[in-house]
$ cat query.cif   # mmCIF, C-alpha atoms and all ligand atoms
data_start
#
loop_
_atom_site.group_PDB
_atom_site.id
_atom_site.type_symbol
_atom_site.label_atom_id
_atom_site.label_comp_id
_atom_site.auth_asym_id
_atom_site.auth_seq_id
_atom_site.Cartn_x
_atom_site.Cartn_y
_atom_site.Cartn_z
ATOM 1 C CA MET A 1 42.920 30.130 -24.667
ATOM 2 C CA SER A 2 40.659 27.494 -23.197
ATOM 3 C CA PHE A 3 40.953 23.780 -23.826
ATOM 4 C CA HIS A 4 38.584 22.271 -26.272
ATOM 5 C CA VAL A 5 38.641 18.992 -28.099
ATOM 6 C CA SER A 6 39.897 19.157 -31.667
ATOM 7 C CA TYR A 7 40.185 15.439 -32.389
ATOM 8 C CA MET A 8 36.607 14.520 -31.488
ATOM 9 C CA ASN A 9 33.483 15.772 -33.141
ATOM 10 C CA VAL A 10 30.875 17.627 -31.142
ATOM 11 C CA TYR A 11 28.542 14.694 -30.507
ATOM 12 C CA GLU A 12 31.382 12.360 -29.492
ATOM 13 C CA ASN A 13 32.609 15.034 -27.128
ATOM 14 C CA ILE A 14 29.217 15.257 -25.401
ATOM 15 C CA ALA A 15 28.814 11.469 -25.283
ATOM 16 C CA ALA A 16 32.338 11.020 -23.890
ATOM 17 C CA GLY A 17 31.505 13.630 -21.248
ATOM 18 C CA LYS A 18 28.396 11.680 -20.288
ATOM 19 C CA ASP A 19 30.393 8.447 -19.947
ATOM 20 C CA ALA A 20 33.020 10.215 -17.836
ATOM 21 C CA ARG A 21 30.319 12.014 -15.799
ATOM 22 C CA LYS A 22 31.721 15.350 -16.900
ATOM 23 C CA ALA A 23 28.976 17.629 -18.114
ATOM 24 C CA LYS A 24 29.483 20.266 -20.799
ATOM 25 C CA PHE A 25 28.383 23.875 -20.960
ATOM 26 C CA ALA A 26 27.218 25.710 -24.084
ATOM 27 C CA VAL A 27 26.478 29.416 -24.377
ATOM 28 C CA LEU A 28 23.582 30.185 -26.722
ATOM 29 C CA ILE A 29 24.084 33.235 -28.906
ATOM 30 C CA ASP A 30 21.108 34.799 -30.670
ATOM 31 C CA PRO A 31 22.759 37.460 -32.866
ATOM 32 C CA GLU A 32 19.516 39.418 -33.161
ATOM 33 C CA LYS A 33 19.449 40.012 -29.432
ATOM 34 C CA HIS A 34 22.928 41.530 -29.153
ATOM 35 C CA HIS A 35 23.670 45.144 -29.942
ATOM 36 C CA GLY A 36 26.305 45.573 -32.632
ATOM 37 C CA ARG A 37 29.042 42.976 -32.233
ATOM 38 C CA GLY A 38 28.149 42.267 -28.581
ATOM 39 C CA PHE A 39 28.194 38.544 -29.259
ATOM 40 C CA ALA A 40 31.903 38.765 -30.143
ATOM 41 C CA ALA A 41 32.671 39.858 -26.578
ATOM 42 C CA THR A 42 30.503 37.032 -25.260
ATOM 43 C CA ALA A 43 32.455 34.562 -27.396
ATOM 44 C CA ARG A 44 35.805 35.806 -26.074
ATOM 45 C CA LEU A 45 34.594 35.481 -22.474
ATOM 46 C CA ALA A 46 33.279 31.991 -23.234
ATOM 47 C CA ASP A 47 36.673 31.024 -24.604
ATOM 48 C CA GLU A 48 38.443 32.278 -21.478
ATOM 49 C CA ALA A 49 35.954 30.551 -19.165
ATOM 50 C CA GLY A 50 36.422 27.108 -20.725
ATOM 51 C CA VAL A 51 32.934 26.912 -22.213
ATOM 52 C CA ASP A 52 32.681 23.791 -24.387
ATOM 53 C CA PHE A 53 30.606 25.004 -27.346
ATOM 54 C CA LEU A 54 28.761 27.988 -28.698
ATOM 55 C CA LEU A 55 25.218 27.391 -29.934
ATOM 56 C CA ILE A 56 24.045 29.932 -32.479
ATOM 57 C CA GLY A 57 20.422 30.395 -33.464
ATOM 58 C CA GLY A 58 17.113 32.078 -32.783
ATOM 59 C CA SER A 59 13.471 31.826 -33.706
ATOM 60 C CA LEU A 60 13.485 34.995 -35.819
ATOM 61 C CA LEU A 61 17.038 35.007 -37.161
ATOM 62 C CA SER A 62 17.656 35.709 -40.872
ATOM 63 C CA SER A 63 20.207 33.813 -42.961
ATOM 64 C CA ASP A 64 22.268 37.024 -43.411
ATOM 65 C CA ALA A 65 22.437 37.626 -39.666
ATOM 66 C CA MET A 66 23.497 34.016 -39.122
ATOM 67 C CA ASP A 67 26.193 34.254 -41.798
ATOM 68 C CA ASN A 68 27.537 37.534 -40.451
ATOM 69 C CA CYS A 69 27.573 36.213 -36.882
ATOM 70 C CA LEU A 70 29.427 33.029 -37.844
ATOM 71 C CA SER A 71 32.047 35.004 -39.785
ATOM 72 C CA ILE A 72 32.727 37.208 -36.768
ATOM 73 C CA LEU A 73 32.754 34.319 -34.302
ATOM 74 C CA ARG A 74 35.295 32.476 -36.462
ATOM 75 C CA GLN A 75 37.676 35.395 -35.964
ATOM 76 C CA GLU A 76 37.021 35.755 -32.237
ATOM 77 C CA THR A 77 37.104 32.195 -30.942
ATOM 78 C CA SER A 78 38.271 28.686 -31.684
ATOM 79 C CA LEU A 79 35.345 27.132 -29.800
ATOM 80 C CA PRO A 80 33.203 24.723 -31.848
ATOM 81 C CA LEU A 81 30.253 26.584 -33.393
ATOM 82 C CA VAL A 82 27.013 24.615 -33.343
ATOM 83 C CA ILE A 83 23.862 25.814 -35.105
ATOM 84 C CA PHE A 84 20.663 25.569 -33.044
ATOM 85 C CA PRO A 85 18.314 26.298 -35.924
ATOM 86 C CA GLY A 86 15.106 28.242 -35.572
ATOM 87 C CA SER A 87 14.347 27.636 -39.258
ATOM 88 C CA THR A 88 15.750 26.054 -42.419
ATOM 89 C CA LEU A 89 17.196 29.481 -43.342
ATOM 90 C CA GLN A 90 19.804 29.061 -40.642
ATOM 91 C CA VAL A 91 21.725 26.153 -42.228
ATOM 92 C CA ASN A 92 25.237 27.504 -42.833
ATOM 93 C CA GLY A 93 28.495 25.696 -43.599
ATOM 94 C CA LYS A 94 30.606 28.214 -41.674
ATOM 95 C CA ALA A 95 29.657 26.433 -38.435
ATOM 96 C CA ASP A 96 31.087 23.094 -37.289
ATOM 97 C CA ALA A 97 27.887 21.235 -36.487
ATOM 98 C CA ILE A 98 24.122 21.547 -36.385
ATOM 99 C CA LEU A 99 21.499 20.129 -34.056
ATOM 100 C CA LEU A 100 19.029 18.571 -36.489
ATOM 101 C CA LEU A 101 15.976 19.110 -34.323
ATOM 102 C CA SER A 102 12.922 16.933 -34.498
ATOM 103 C CA LEU A 103 10.266 18.449 -32.231
ATOM 104 C CA ILE A 104 8.972 15.190 -30.810
ATOM 105 C CA SER A 105 7.012 16.787 -27.956
ATOM 106 C CA GLY A 106 4.707 18.280 -30.607
ATOM 107 C CA ARG A 107 2.598 17.002 -33.458
ATOM 108 C CA ASN A 108 3.529 19.539 -36.113
ATOM 109 C CA PRO A 109 4.604 17.500 -39.158
ATOM 110 C CA ASP A 110 6.787 20.293 -40.561
ATOM 111 C CA LEU A 111 8.917 20.237 -37.414
ATOM 112 C CA LEU A 112 8.982 16.445 -37.253
ATOM 113 C CA ILE A 113 10.023 15.802 -40.881
ATOM 114 C CA GLY A 114 8.808 18.441 -43.379
ATOM 115 C CA ASN A 115 11.556 21.033 -42.873
ATOM 116 C CA HIS A 116 14.142 18.260 -42.776
ATOM 117 C CA VAL A 117 13.185 17.176 -46.278
ATOM 118 C CA ILE A 118 13.598 20.755 -47.527
ATOM 119 C CA ALA A 119 16.923 21.191 -45.739
ATOM 120 C CA ALA A 120 18.434 17.761 -46.494
ATOM 121 C CA PRO A 121 20.332 18.644 -49.720
ATOM 122 C CA TYR A 122 21.678 21.846 -48.165
ATOM 123 C CA LEU A 123 22.726 19.978 -45.045
ATOM 124 C CA ARG A 124 24.589 17.393 -47.095
ATOM 125 C CA GLU A 125 26.347 20.062 -49.126
ATOM 126 C CA SER A 126 27.239 22.110 -46.038
ATOM 127 C CA GLY A 127 29.741 19.598 -44.673
ATOM 128 C CA LEU A 128 28.358 20.238 -41.177
ATOM 129 C CA GLU A 129 28.451 17.528 -38.534
ATOM 130 C CA ILE A 130 24.772 16.640 -38.208
ATOM 131 C CA ILE A 131 23.516 15.734 -34.748
ATOM 132 C CA PRO A 132 20.017 14.189 -34.852
ATOM 133 C CA THR A 133 18.314 15.663 -31.804
ATOM 134 C CA ALA A 134 15.054 14.810 -30.074
ATOM 135 C CA TYR A 135 13.764 18.248 -29.186
ATOM 136 C CA MET A 136 11.202 18.409 -26.387
ATOM 137 C CA LEU A 137 9.528 21.604 -25.206
ATOM 138 C CA ILE A 138 8.507 21.487 -21.554
ATOM 139 C CA GLU A 139 5.824 23.681 -19.973
ATOM 140 C CA SER A 140 7.601 26.534 -18.247
ATOM 141 C CA GLY A 141 5.173 29.102 -16.900
ATOM 142 C CA ILE A 142 4.896 31.298 -20.031
ATOM 143 C CA THR A 143 4.249 30.958 -23.748
ATOM 144 C CA THR A 144 7.831 31.015 -24.974
ATOM 145 C CA THR A 145 8.746 32.101 -28.493
ATOM 146 C CA ALA A 146 9.610 28.513 -29.450
ATOM 147 C CA LEU A 147 6.210 27.346 -28.295
ATOM 148 C CA TYR A 148 4.318 30.072 -30.114
ATOM 149 C CA MET A 149 6.296 29.713 -33.332
ATOM 150 C CA SER A 150 6.041 25.925 -33.375
ATOM 151 C CA HIS A 151 2.233 25.740 -32.981
ATOM 152 C CA THR A 152 2.673 22.909 -30.513
ATOM 153 C CA GLN A 153 1.773 22.077 -26.938
ATOM 154 C CA PRO A 154 4.576 21.533 -24.432
ATOM 155 C CA ILE A 155 4.866 18.466 -22.236
ATOM 156 C CA PRO A 156 3.161 19.338 -18.903
ATOM 157 C CA ARG A 157 5.856 20.035 -16.328
ATOM 158 C CA LEU A 158 4.437 17.608 -13.773
ATOM 159 C CA LYS A 159 4.246 14.706 -16.247
ATOM 160 C CA ASP A 160 7.663 13.107 -15.945
ATOM 161 C CA ASP A 161 6.316 9.857 -17.372
ATOM 162 C CA ILE A 162 5.202 11.512 -20.620
ATOM 163 C CA ALA A 163 8.662 13.060 -20.959
ATOM 164 C CA ALA A 164 10.313 9.678 -20.318
ATOM 165 C CA CYS A 165 8.172 7.852 -22.902
ATOM 166 C CA THR A 166 8.721 10.633 -25.444
ATOM 167 C CA ALA A 167 12.479 10.479 -24.904
ATOM 168 C CA MET A 168 12.362 6.686 -25.158
ATOM 169 C CA ALA A 169 10.566 6.912 -28.501
ATOM 170 C CA GLY A 170 13.082 9.489 -29.723
ATOM 171 C CA GLU A 171 15.979 7.241 -28.807
ATOM 172 C CA MET A 172 14.323 4.255 -30.516
ATOM 173 C CA LEU A 173 13.958 6.373 -33.657
ATOM 174 C CA GLY A 174 17.724 6.820 -33.612
ATOM 175 C CA LEU A 175 17.934 10.397 -32.344
ATOM 176 C CA LYS A 176 21.262 10.866 -30.566
ATOM 177 C CA LEU A 177 20.655 13.745 -28.151
ATOM 178 C CA ILE A 178 17.578 14.402 -26.020
ATOM 179 C CA TYR A 179 17.099 18.158 -25.599
ATOM 180 C CA LEU A 180 14.681 19.100 -22.789
ATOM 181 C CA ASP A 181 13.972 22.786 -23.311
ATOM 182 C CA ALA A 182 11.779 25.005 -21.169
ATOM 183 C CA GLY A 183 12.237 27.625 -23.935
ATOM 184 C CA SER A 184 14.256 30.797 -24.029
ATOM 185 C CA GLY A 185 13.399 33.134 -21.157
ATOM 186 C CA ALA A 186 11.323 30.492 -19.369
ATOM 187 C CA ILE A 187 10.132 31.405 -15.893
ATOM 188 C CA GLU A 188 10.822 27.908 -14.619
ATOM 189 C CA THR A 189 13.498 25.522 -15.865
ATOM 190 C CA VAL A 190 12.864 21.895 -16.764
ATOM 191 C CA PRO A 191 12.102 20.157 -13.426
ATOM 192 C CA GLU A 192 14.965 18.160 -11.919
ATOM 193 C CA SER A 193 12.627 15.213 -11.349
ATOM 194 C CA MET A 194 11.858 15.104 -15.078
ATOM 195 C CA ILE A 195 15.549 15.060 -15.998
ATOM 196 C CA ARG A 196 16.144 12.260 -13.467
ATOM 197 C CA LYS A 197 13.259 10.232 -14.860
ATOM 198 C CA VAL A 198 14.490 10.634 -18.456
ATOM 199 C CA ARG A 199 18.060 9.821 -17.387
ATOM 200 C CA ASP A 200 16.851 6.602 -15.772
ATOM 201 C CA THR A 201 14.939 5.655 -18.932
ATOM 202 C CA ILE A 202 17.376 6.236 -21.801
ATOM 203 C CA ASP A 203 21.111 6.129 -22.590
ATOM 204 C CA ALA A 204 21.375 9.128 -24.927
ATOM 205 C CA PRO A 205 22.958 12.272 -23.460
ATOM 206 C CA ILE A 206 20.461 14.829 -22.133
ATOM 207 C CA VAL A 207 20.654 18.538 -22.944
ATOM 208 C CA ALA A 208 18.859 20.912 -20.565
ATOM 209 C CA GLY A 209 18.083 24.557 -21.315
ATOM 210 C CA GLY A 210 15.609 27.357 -20.877
ATOM 211 C CA GLY A 211 15.395 29.750 -17.931
ATOM 212 C CA ILE A 212 18.692 28.795 -16.277
ATOM 213 C CA ARG A 213 19.893 31.934 -14.496
ATOM 214 C CA SER A 214 22.301 30.796 -11.796
ATOM 215 C CA PRO A 215 25.282 28.488 -11.247
ATOM 216 C CA GLU A 216 23.282 26.730 -8.531
ATOM 217 C CA LYS A 217 20.468 25.847 -10.911
ATOM 218 C CA ALA A 218 22.913 24.680 -13.590
ATOM 219 C CA ARG A 219 24.646 22.467 -11.032
ATOM 220 C CA ALA A 220 21.332 20.996 -9.859
ATOM 221 C CA LEU A 221 20.320 20.092 -13.422
ATOM 222 C CA VAL A 222 23.675 18.387 -14.022
ATOM 223 C CA LYS A 223 23.261 16.450 -10.783
ATOM 224 C CA ALA A 224 19.818 15.381 -11.989
ATOM 225 C CA GLY A 225 21.373 13.911 -15.146
ATOM 226 C CA ALA A 226 21.947 16.592 -17.803
ATOM 227 C CA SER A 227 25.132 16.100 -19.851
ATOM 228 C CA LEU A 228 24.966 19.508 -21.521
ATOM 229 C CA ILE A 229 23.671 22.765 -20.058
ATOM 230 C CA VAL A 230 22.598 25.590 -22.391
ATOM 231 C CA VAL A 231 22.253 29.206 -21.233
ATOM 232 C CA GLY A 232 21.287 32.173 -23.409
ATOM 233 C CA ASN A 233 19.169 34.960 -21.918
ATOM 234 C CA ALA A 234 20.811 35.209 -18.517
ATOM 235 C CA ILE A 235 24.222 35.612 -20.155
ATOM 236 C CA GLU A 236 22.931 38.268 -22.554
ATOM 237 C CA GLN A 237 21.934 40.217 -19.443
ATOM 238 C CA ASN A 238 25.083 39.496 -17.436
ATOM 239 C CA ASN A 239 28.273 38.295 -19.090
ATOM 240 C CA ASN A 240 29.856 37.650 -15.681
ATOM 241 C CA LEU A 241 27.694 34.560 -15.337
ATOM 242 C CA ILE A 242 29.637 32.741 -18.062
ATOM 243 C CA ALA A 243 32.643 31.890 -15.902
ATOM 244 C CA LYS A 244 30.506 31.150 -12.834
ATOM 245 C CA ILE A 245 28.184 28.737 -14.623
ATOM 246 C CA ALA A 246 31.099 27.109 -16.488
ATOM 247 C CA GLU A 247 32.801 26.443 -13.158
ATOM 248 C CA ALA A 248 29.596 25.099 -11.584
ATOM 249 C CA VAL A 249 28.872 22.725 -14.489
ATOM 250 C CA HIS A 250 32.429 21.445 -14.801
ATOM 251 C CA GLN A 251 32.860 20.871 -11.064
ATOM 252 C CA VAL A 252 29.884 18.565 -10.548
HETATM 253 C C1 LIG B 301 16.446 28.089 -25.308
HETATM 254 O O1 LIG B 301 17.528 26.436 -24.034
HETATM 255 C C2 LIG B 301 17.694 27.682 -24.620
HETATM 256 O O2 LIG B 301 16.155 27.291 -26.372
HETATM 257 C C3 LIG B 301 18.220 28.723 -23.692
HETATM 258 O O3 LIG B 301 17.220 29.360 -22.919
HETATM 259 O O4 LIG B 301 17.724 31.773 -23.203
HETATM 260 O O5 LIG B 301 16.351 30.979 -21.257
HETATM 261 O O6 LIG B 301 18.799 30.526 -21.361
HETATM 262 P P1 LIG B 301 17.550 30.718 -22.137
#
$ encode --input "query.cif" --output "structure tokens"
Amino acid sequence: MSFHVSYMNVYENIAAGKDARKAKFAVLIDPEKHHGRGFAATARLADEAGVDFLLIGGSLLSSDAMDNCLSILRQETSLPLVIFPGSTLQVNGKADAILLLSLISGRNPDLLIGNHVIAAPYLRESGLEIIPTAYMLIESGITTTALYMSHTQPIPRLKDDIAACTAMAGEMLGLKLIYLDAGSGAIETVPESMIRKVRDTIDAPIVAGGGIRSPEKARALVKAGASLIVVGNAIEQNNNLIAKIAEAVHQV
């Protein structure tokens, strides 16, 4: 059984990691993309590899699929379960925490505040730890599902200054995590220079995800300033990467 923190909540754990310069690694599970109970095997491997959290979510995930997945994961692992919601339907009290995403790279009012208003009473009732998160989609070489579904434009990948000012505004609004996401299955990850620029501009911990396929890339993004690395697709295709990326992230 791997070590994970039981006395700190998820956000405090990430923030403490940032202060100690020890980055965290989260495996993203989209239950719709696994055959049968394939995600249960992924969760067991994540546990063994010392992964810090599981993120659960997807752009097209139903509330039943989320509920079923969380029930199974509860039996398979003691890792903290964090919802990475693709819609308000994915709020579920069986998890430990939820990233309350505000898509501040875009100008879609539903994803900035509208859905939050609808979800607020359910979130309060759920008992979940709520982590207000500045969510920023970064241009990545393809139209990712997140981009298409959100009806927004990504931040151009060569515009580090736009990313820095957007992150600054998010932090000033009180958002606690800055999630730079190239989108699931991205051809190119968030540029290292952009992560460095954001790191030099704000204090909030930075999450980096989208298109990370190797331990080397994960390590480079941590060195650039990411405090939490998220990998989904590459692990769905090759479970052996879990231990390798966990080692790379934790050794930086
Ligand atoms: C997407 O950051 C996540 O929102 C993970 O992306 O599936 O490409 O690893 P991948």
$ residues_near_ligand --input "query.cif" --ligand "ligand LIG 301 (chain B)" --cutoff "10 Å" --atoms "all atoms listed in the file" --output "PyMOL selection string"
chain A and resi 26-30+55+57-59+84-86+135+137+144-146+179-190+207-213+229-236
$ resolve_selection --input "query.cif" --expression "the PyMOL selection byres (((chain A and resi 18) around 12) and not hetatm)" --output "ChimeraX atom specification"
/A:11-17,19-24,177,199,203-207,222-223,225-228,250
$ resolve_selection --input "query.cif" --expression "the PyMOL selection byres (((chain A and resi 51) around 12) and not hetatm)" --output "ChimeraX atom specification"
/A:1-5,23-28,42-50,52-55,77-81,228-231,241-250
$ atom_distance --input "query.cif" --atom1 "CA of Val198 (chain A)" --atom2 "CA of Lys159 (chain A)"
11.2 Å
$ residues_near_point --input "query.cif" --point "(1.6, 17.9, -16.6)" --cutoff "12 Å" --atoms "all atoms listed in the file" --output "PyMOL selection string"
chain A and resi 138-141+153-163+190-191+194
$ atom_distance --input "query.cif" --atom1 "CA of Leu100 (chain A)" --atom2 "CA of His151 (chain A)"
18.6 Å
$ closest_residue --input "query.cif" --among "A:Ile104, A:Met168, A:Leu173, A:Leu128" --to "Val91 (chain A)" --atoms "all atoms listed in the file"
A:Leu128
$ axis_aligned_box --input "query.cif" --around "region 132-147 of chain A" --padding-each-side "8 Å" --output "AutoDock Vina command-line options"
--center_x 12.1 --center_y 23.1 --center_z -25.9 --size_x 31.8 --size_y 33.9 --size_z 34.0
$ residues_around --input "query.cif" --residues "Ser126 (chain A)" --least-positions-apart "2" --cutoff "10 Å" --atoms "only C-alpha atoms" --output "PyMOL selection string"
chain A and resi 91-97+120-124+128-130
$ write_last_selection --input "query.cif" --atoms "C-alpha atoms" --output "short mmCIF file (atom, residue, chain, number, x, y, z; two decimals), in the coordinates of the input"
data_model
loop_
_atom_site.label_atom_id
_atom_site.label_comp_id
_atom_site.auth_asym_id
_atom_site.auth_seq_id
_atom_site.Cartn_x
_atom_site.Cartn_y
_atom_site.Cartn_z
CA VAL A 91 21.72 26.15 -42.23
CA ASN A 92 25.24 27.50 -42.83
CA GLY A 93 28.50 25.70 -43.60
CA LYS A 94 30.61 28.21 -41.67
CA ALA A 95 29.66 26.43 -38.44
CA ASP A 96 31.09 23.09 -37.29
CA ALA A 97 27.89 21.24 -36.49
CA ALA A 120 18.43 17.76 -46.49
CA PRO A 121 20.33 18.64 -49.72
CA TYR A 122 21.68 21.85 -48.16
CA LEU A 123 22.73 19.98 -45.04
CA ARG A 124 24.59 17.39 -47.10
CA LEU A 128 28.36 20.24 -41.18
CA GLU A 129 28.45 17.53 -38.53
CA ILE A 130 24.77 16.64 -38.21
#
$ closest_residue --input "query.cif" --among "A:Ile202, A:Leu89, A:Val117, A:Ala169" --to "Ser62 (chain A)" --atoms "all atoms listed in the file"
A:Leu89
$ atom_distance --input "query.cif" --atom1 "CA of Ala224 (chain A)" --atom2 "CA of Val252 (chain A)"
10.7 Å
$ closest_residue --input "query.cif" --among "A:Ala134, A:Gln251, A:Thr152, A:Asp200" --to "Glu216 (chain A)" --atoms "only C-alpha atoms"
A:Gln251
$ decode --input "query.cif" --residues "region 172-194 of chain A" --atoms "N, CA and C atoms" --output "mmCIF file, in the first residue's frame"
data_model
loop_
_atom_site.group_PDB
_atom_site.id
_atom_site.type_symbol
_atom_site.label_atom_id
_atom_site.label_comp_id
_atom_site.auth_asym_id
_atom_site.auth_seq_id
_atom_site.Cartn_x
_atom_site.Cartn_y
_atom_site.Cartn_z
ATOM 1 N N MET A 172 -6.077 36.525 -8.172
ATOM 2 C CA MET A 172 -6.684 37.689 -7.506
ATOM 3 C C MET A 172 -8.160 37.453 -7.204
ATOM 4 N N LEU A 173 -8.813 36.644 -8.027
ATOM 5 C CA LEU A 173 -10.224 36.317 -7.781
ATOM 6 C C LEU A 173 -10.376 35.288 -6.660
ATOM 7 N N GLY A 174 -9.268 34.775 -6.177
ATOM 8 C CA GLY A 174 -9.319 33.851 -5.044
ATOM 9 C C GLY A 174 -9.258 32.385 -5.425
ATOM 10 N N LEU A 175 -9.025 32.094 -6.710
ATOM 11 C CA LEU A 175 -8.928 30.694 -7.125
ATOM 12 C C LEU A 175 -7.605 30.121 -6.604
ATOM 13 N N LYS A 176 -7.646 28.874 -6.124
ATOM 14 C CA LYS A 176 -6.518 28.353 -5.345
ATOM 15 C C LYS A 176 -5.527 27.510 -6.145
ATOM 16 N N LEU A 177 -5.989 26.923 -7.240
ATOM 17 C CA LEU A 177 -5.096 26.163 -8.115
ATOM 18 C C LEU A 177 -5.164 26.774 -9.513
ATOM 19 N N ILE A 178 -4.061 26.739 -10.229
ATOM 20 C CA ILE A 178 -4.047 27.205 -11.616
ATOM 21 C C ILE A 178 -3.782 25.977 -12.487
ATOM 22 N N TYR A 179 -4.786 25.557 -13.240
ATOM 23 C CA TYR A 179 -4.668 24.331 -14.039
ATOM 24 C C TYR A 179 -4.434 24.725 -15.497
ATOM 25 N N LEU A 180 -3.212 24.476 -15.991
ATOM 26 C CA LEU A 180 -2.882 24.731 -17.398
ATOM 27 C C LEU A 180 -3.068 23.420 -18.145
ATOM 28 N N ASP A 181 -4.076 23.367 -19.005
ATOM 29 C CA ASP A 181 -4.430 22.099 -19.642
ATOM 30 C C ASP A 181 -4.380 22.231 -21.157
ATOM 31 N N ALA A 182 -3.538 21.386 -21.774
ATOM 32 C CA ALA A 182 -3.514 21.353 -23.237
ATOM 33 C C ALA A 182 -4.706 20.555 -23.760
ATOM 34 N N GLY A 183 -5.433 19.870 -22.859
ATOM 35 C CA GLY A 183 -6.610 19.086 -23.244
ATOM 36 C C GLY A 183 -6.242 17.627 -23.436
ATOM 37 N N SER A 184 -7.210 16.777 -23.167
ATOM 38 C CA SER A 184 -6.932 15.339 -23.220
ATOM 39 C C SER A 184 -6.567 14.918 -24.644
ATOM 40 N N GLY A 185 -5.466 14.186 -24.762
ATOM 41 C CA GLY A 185 -5.018 13.710 -26.071
ATOM 42 C C GLY A 185 -4.325 14.778 -26.897
ATOM 43 N N ALA A 186 -3.921 15.866 -26.265
ATOM 44 C CA ALA A 186 -3.249 16.952 -26.994
ATOM 45 C C ALA A 186 -2.008 16.443 -27.717
ATOM 46 N N ILE A 187 -1.730 17.037 -28.864
ATOM 47 C CA ILE A 187 -0.517 16.655 -29.597
ATOM 48 C C ILE A 187 0.705 17.221 -28.890
ATOM 49 N N GLU A 188 0.570 18.475 -28.442
ATOM 50 C CA GLU A 188 1.685 19.098 -27.724
ATOM 51 C C GLU A 188 1.236 19.480 -26.318
ATOM 52 N N THR A 189 2.108 19.297 -25.347
ATOM 53 C CA THR A 189 1.773 19.662 -23.971
ATOM 54 C C THR A 189 1.836 21.190 -23.820
ATOM 55 N N VAL A 190 1.433 21.657 -22.647
ATOM 56 C CA VAL A 190 1.630 23.075 -22.328
ATOM 57 C C VAL A 190 3.137 23.364 -22.409
ATOM 58 N N PRO A 191 3.535 24.462 -23.072
ATOM 59 C CA PRO A 191 4.974 24.747 -23.205
ATOM 60 C C PRO A 191 5.634 24.997 -21.837
ATOM 61 N N GLU A 192 6.864 24.518 -21.719
ATOM 62 C CA GLU A 192 7.596 24.725 -20.451
ATOM 63 C C GLU A 192 7.779 26.217 -20.166
ATOM 64 N N SER A 193 8.010 26.993 -21.217
ATOM 65 C CA SER A 193 8.229 28.436 -21.007
ATOM 66 C C SER A 193 6.980 29.089 -20.416
ATOM 67 N N MET A 194 5.808 28.602 -20.800
ATOM 68 C CA MET A 194 4.564 29.169 -20.272
ATOM 69 C C MET A 194 4.411 28.825 -18.790
#
